[in-house]
Amino acid sequence: MSITLTINGQGRAVEVAPGETLLELLRRAGCKSVKLGCDTGDCGTCAVLLNGRAVNACMLLAVACDGCSVTTVEGLEVEGRLHDLQSASLDSGGVQCGFCTPGMIMAAVDLLSRNPHPTDEEIRAGLAGNLCRCTGYVKQIAAVRMAHAEVDDHD
Ligand code: FES
Ligand code: FES
């Protein structure tokens, strides 16, 4: 069947197969930042924003997203300028192999949209659904801290 959805600001009509997940649809649409990790909703590597809230794209049927707006890491950059969370992830050393990074950033975008000044404990809770095998999480928490300081500077 055909559904319509907005992916990174672009409206599209897309044919979806029965049982196709949002993750599969997004990768087919060229959003290769959306990674297949566990495929069971446990690792967060497939996290994207659905109508502004972080969701695990492996756990959603594409057909259920008809009419929705989806944002992936590819949609964060504006006119060649990285989002503050992307820059902070690089500057903090929070990107090592990078496999978890897009999902981690999307979870952090959701967190900062709801809570622009999170404590370290709130950052840990906000990233609790995102697993990383490389960094030990300290650098990703620092990245969110750096990004919200950047937001304060822009105010
Ligand atoms: S691949 Fe979706 S949560 Fe792990
Ligand atoms: S940077 Fe390698 S899994 Fe997180």
# chains A, B, ... in the order shown; residues from 1 in each chain; ligands from 1
$ select_by_dssp --residues "region 5-155 of chain A" --states "alpha helix (DSSP H)" --output "MDAnalysis selection string"
chainID A and resid 22:28 84:92 101:114 120:126 138:154
$ residues_around --residues "region 93-109 of chain A" --least-positions-apart "2" --cutoff "9 Å" --atoms "only C-alpha atoms" --output "count of residues only"
48
$ closest_residue --among "A:Asn115, A:Ser69, A:Thr40, A:Ser87" --to "Gly11 (chain A)" --atoms "only C-alpha atoms"
A:Ser69
$ residues_around --residues "Arg28 (chain A)" --least-positions-apart "4" --cutoff "12 Å" --atoms "only C-alpha atoms" --output "ChimeraX atom specification"
/A:14-17,20-24,32-35,62
$ closest_residue --among "A:Cys65, A:Met59, A:Val78, A:Ile7" --to "Ala29 (chain A)" --atoms "only C-alpha atoms"
A:Ile7
$ closest_residue --among "A:Ser92, A:Val63, A:Glu79, A:Gly41" --to "Pro18 (chain A)" --atoms "only C-alpha atoms"
A:Val63
$ closest_residue --among "A:Arg12, A:Arg27, A:His83, A:His117" --to "Asp66 (chain A)" --atoms "only C-alpha atoms"
A:Arg12
$ closest_residue --among "A:Gly67, A:Glu77, A:Asn8, A:Asp42" --to "Ala128 (chain A)" --atoms "only C-alpha atoms"
A:Asp42
$ select_by_dssp --residues "region 53-111 of chain A" --states "strand (DSSP E)" --output "ChimeraX atom specification"
/A:53-56,69-71
$ atom_distance --atom1 "CA of Pro116 (chain A)" --atom2 "CA of Leu76 (chain A)"
17.0 Å
$ closest_residue --among "A:Gly30, A:Leu5, A:Cys38, A:Gln10" --to "ligand 1" --atoms "only C-alpha atoms and all ligand atoms"
A:Cys38
$ atom_distance --atom1 "CA of Gly75 (chain A)" --atom2 "CA of Cys31 (chain A)"
9.3 Å
$ atom_distance --atom1 "atom 1 (S, counted along the ligand's line) of ligand 1" --atom2 "CA of Ala57 (chain A)"
7.4 Å
